[in-house]
$ cat coords23.cif   # mmCIF, C-alpha atoms and all ligand atoms
data_data
loop_
_atom_site.label_atom_id
_atom_site.label_comp_id
_atom_site.auth_asym_id
_atom_site.auth_seq_id
_atom_site.Cartn_x
_atom_site.Cartn_y
_atom_site.Cartn_z
CA MET A 1 92.86 35.30 108.18
CA PHE A 2 90.41 37.20 106.02
CA LYS A 3 89.75 39.47 108.95
CA ALA A 4 93.45 40.31 109.29
CA ALA A 5 93.78 41.05 105.55
CA PHE A 6 90.74 43.25 105.68
CA LYS A 7 92.18 45.17 108.63
CA PHE A 8 95.46 45.68 106.77
CA ALA A 9 93.67 46.94 103.65
CA GLY A 10 91.65 49.28 105.81
CA LYS A 11 94.83 50.79 107.21
CA LEU A 12 96.23 51.32 103.70
CA ILE A 13 93.05 53.09 102.61
CA LEU A 14 93.12 55.22 105.73
CA ALA A 15 96.76 56.17 105.03
CA ALA A 16 95.93 57.02 101.42
CA VAL A 17 93.00 59.18 102.46
CA LEU A 18 95.07 60.98 105.06
CA GLY A 19 97.87 61.50 102.54
CA ALA A 20 95.49 63.00 99.99
CA ALA A 21 94.01 65.27 102.61
CA ALA A 22 97.41 66.42 103.83
CA ALA A 23 98.88 67.23 100.40
CA PRO A 24 96.97 70.46 99.73
CA ILE A 25 97.66 71.63 103.27
CA LEU A 26 101.39 71.02 102.81
CA ALA A 27 101.35 72.74 99.42
CA ARG A 28 99.69 75.77 100.92
CA ALA A 29 102.21 75.88 103.74
CA VAL A 30 105.25 75.60 101.45
CA LEU A 31 104.27 77.63 98.38
CA PRO A 32 104.14 81.08 99.97
CA LEU A 33 107.84 80.81 100.79
CA HIS A 34 108.64 80.65 97.08
CA ALA A 35 107.41 82.54 94.07
CA GLN A 36 106.00 85.45 95.97
CA ALA A 37 106.93 88.70 94.29
CA ALA A 38 104.41 90.87 96.07
CA PRO A 39 103.25 93.52 93.63
CA GLY A 40 103.52 97.12 94.64
CA ALA A 41 100.40 99.20 94.40
CA ILE A 42 100.24 102.89 95.16
CA VAL A 43 97.04 104.88 95.10
CA ILE A 44 97.03 108.60 94.41
CA ASP A 45 94.08 110.35 95.99
CA ASN A 46 93.40 113.64 97.74
CA PHE A 47 96.87 114.95 96.78
CA THR A 48 98.54 112.04 98.54
CA PHE A 49 100.53 108.95 97.56
CA SER A 50 99.45 105.92 99.62
CA PRO A 51 101.34 104.36 101.17
CA PRO A 52 103.85 107.22 101.55
CA ARG A 53 106.63 104.67 102.01
CA LEU A 54 106.48 101.35 100.17
CA LEU A 55 108.93 98.50 100.75
CA VAL A 56 109.37 96.03 97.87
CA LYS A 57 111.86 93.44 96.62
CA THR A 58 113.95 93.86 93.48
CA GLY A 59 112.05 92.87 90.36
CA THR A 60 108.76 94.24 91.69
CA THR A 61 106.51 96.14 89.35
CA VAL A 62 105.11 99.13 91.17
CA THR A 63 101.90 100.58 89.77
CA TRP A 64 100.55 104.01 90.66
CA THR A 65 96.86 104.55 90.04
CA ASN A 66 95.31 107.99 90.14
CA ARG A 67 92.02 107.86 92.03
CA ASP A 68 91.88 111.61 92.48
CA ASP A 69 89.56 113.73 90.39
CA ILE A 70 92.41 115.87 89.07
CA PRO A 71 95.54 114.82 87.15
CA HIS A 72 98.73 113.82 88.93
CA ALA A 73 102.08 112.53 87.73
CA VAL A 74 104.91 110.45 89.15
CA ALA A 75 108.55 111.58 88.87
CA ALA A 76 111.65 110.20 90.57
CA VAL A 77 113.93 112.75 92.22
CA SER A 78 116.81 110.88 90.50
CA LYS A 79 114.91 111.10 87.16
CA LEU A 80 115.02 107.29 86.92
CA PHE A 81 111.31 107.21 86.09
CA ARG A 82 108.72 109.78 85.13
CA SER A 83 105.12 109.36 84.06
CA LYS A 84 103.01 111.59 81.93
CA ALA A 85 100.12 113.36 83.64
CA LEU A 86 97.70 110.69 84.79
CA ASP A 87 94.03 111.47 84.52
CA THR A 88 91.51 109.92 86.90
CA ASP A 89 91.83 106.11 86.94
CA GLU A 90 94.93 106.12 84.74
CA ALA A 91 97.94 104.15 85.93
CA TYR A 92 101.70 104.13 85.51
CA SER A 93 104.08 101.23 86.23
CA PHE A 94 107.80 100.93 86.78
CA ILE A 95 109.89 97.81 87.49
CA PHE A 96 112.50 98.27 90.23
CA THR A 97 115.53 96.15 89.37
CA ALA A 98 118.10 97.55 91.81
CA PRO A 99 118.01 97.91 95.59
CA GLY A 100 117.87 101.44 96.88
CA THR A 101 115.74 104.25 98.21
CA TYR A 102 113.75 106.00 95.50
CA GLU A 103 112.23 109.34 96.40
CA TYR A 104 109.60 110.63 94.03
CA PHE A 105 107.07 113.42 93.75
CA CYS A 106 104.19 114.63 91.63
CA SER A 107 105.60 116.81 88.88
CA LEU A 108 102.33 118.76 88.79
CA HIS A 109 102.26 119.29 92.57
CA PRO A 110 105.85 118.99 93.80
CA ARG A 111 104.80 119.11 97.45
CA MET A 112 103.37 115.63 96.99
CA THR A 113 106.30 113.39 97.90
CA ALA A 114 106.76 109.73 98.80
CA VAL A 115 109.42 107.06 98.77
CA ILE A 116 109.91 103.49 97.59
CA VAL A 117 112.51 101.34 99.32
CA VAL A 118 113.74 98.41 97.24
CA GLU A 119 115.41 95.50 99.02
CA ALA A 120 117.40 92.76 97.33
CA ALA A 121 115.27 89.68 96.74
CA SER A 122 116.63 86.77 98.81
CA ASP A 123 117.82 84.94 95.66
CA ASP A 124 119.83 88.00 94.60
CA ALA A 125 121.37 88.50 98.01
CA ALA A 126 122.98 85.04 97.95
CA GLY A 127 124.88 85.86 94.76
CA HIS A 128 126.40 89.17 95.84
CU CU1 A 201 99.72 115.93 91.71
#
$ encode --input "coords23.cif" --output "C-alpha cells" --more "lines below"
Ligand code: CU1
Amino acid sequence: MFKAAFKFAGKLILAAVLGAAAAPILARAVLPLHAQAAPGAIVIDNFTFSPPRLLVKTGTTVTWTNRDDIPHAVAAVSKLFRSKALDTDEAYSFIFTAPGTYEYFCSLHPRMTAVIVVEAASDDAAGH
C-alpha cells in the first residue's frame, strides 16, 4: 500500500521534472516564429555597400555604418531617404514601412550602388 503510493508520487515528480525541462525547449522552438523583425545592417567599407542586396521585412530599421576611412553617404535613387556625409564609424538609419525595391547610392561616390528589397511582413500580407 505504502509502496504503491510511493511509486505513484515518484511518477508525478518525474512528470513534473520532465515538464520543467521541456518548457524552455518548447519556448525556444516556438518563439523564433514570432516577434522576429531581423534588423538590417549594412557596412560601408572599401567603397562598397555590404551586402549589395539586402532583403528585409516591412518595419525593419536598416542601419548603414561607415567603416571606411573616408566619408560616404547614403541616398535613395527615389530620394526617399538621404543621409549626410558619414565619417568613419558614423551610422545612418531608415525604417522601411512599405514593400518595394529601393535602389540607393553614395552621393559622394555615385558609382557605389546597392539595393534593399522590402517584403511585406507576414502579418501585413494577411490584411491586404
Ligand atoms: Cu562614398
$ atom_distance --input "coords23.cif" --atom1 "atom CA of A:Thr58" --atom2 "atom CA of A:Asn46"
28.8 Å
$ residues_near_ligand --input "coords23.cif" --ligand "ligand CU1 201 (chain A)" --cutoff "6 Å" --atoms "all atoms listed in the file" --output "PDB file with C-alpha atoms, in the frame of the given file"
ATOM      1  CA  PHE A  47      96.870 114.950  96.780  1.00  0.00           C
ATOM      2  CA  HIS A  72      98.730 113.820  88.930  1.00  0.00           C
ATOM      3  CA  ALA A  73     102.080 112.530  87.730  1.00  0.00           C
ATOM      4  CA  CYS A 106     104.190 114.630  91.630  1.00  0.00           C
ATOM      5  CA  LEU A 108     102.330 118.760  88.790  1.00  0.00           C
ATOM      6  CA  HIS A 109     102.260 119.290  92.570  1.00  0.00           C
TER       7      HIS A 109
END
$ closest_residue --input "coords23.cif" --among "A:Ala76, A:Val118, A:Ile42, A:Ala85" --to "A:Thr60" --atoms "all atoms listed in the file"
A:Val118
$ atom_distance --input "coords23.cif" --atom1 "atom CA of A:Glu90" --atom2 "atom CA of A:Val117"
23.3 Å
$ residues_around --input "coords23.cif" --residues "A:Gly100" --least-positions-apart "5" --cutoff "12 Å" --atoms "all atoms listed in the file" --output "list in words"
Leu54, Leu55, Val56, Lys57, Thr58, Ser78, Leu80, Val115, Ile116, Val117, Val118, Glu119 and Ala120 of chain A
$ closest_residue --input "coords23.cif" --among "A:Ser83, A:Ser122, A:Thr65, A:Thr88" --to "A:Tyr104" --atoms "only C-alpha atoms"
A:Ser83
$ atom_distance --input "coords23.cif" --atom1 "atom CA of A:Arg82" --atom2 "atom CA of A:Val62"
12.8 Å
$ closest_residue --input "coords23.cif" --among "A:Ala114, A:Gly59, A:Ile44, A:Thr101" --to "A:Asp89" --atoms "all atoms listed in the file"
A:Ile44
$ closest_residue --input "coords23.cif" --among "A:Asp45, A:Lys79, A:Pro39, A:Thr61" --to "A:Ile95" --atoms "all atoms listed in the file"
A:Thr61
$ closest_residue --input "coords23.cif" --among "A:Pro71, A:Tyr92, A:Ser107, A:Thr113" --to "A:Gly40" --atoms "all atoms listed in the file"
A:Tyr92
$ closest_residue --input "coords23.cif" --among "A:Ala98, A:Leu86, A:Val43, A:Met112" --to "A:Thr63" --atoms "only C-alpha atoms"
A:Val43
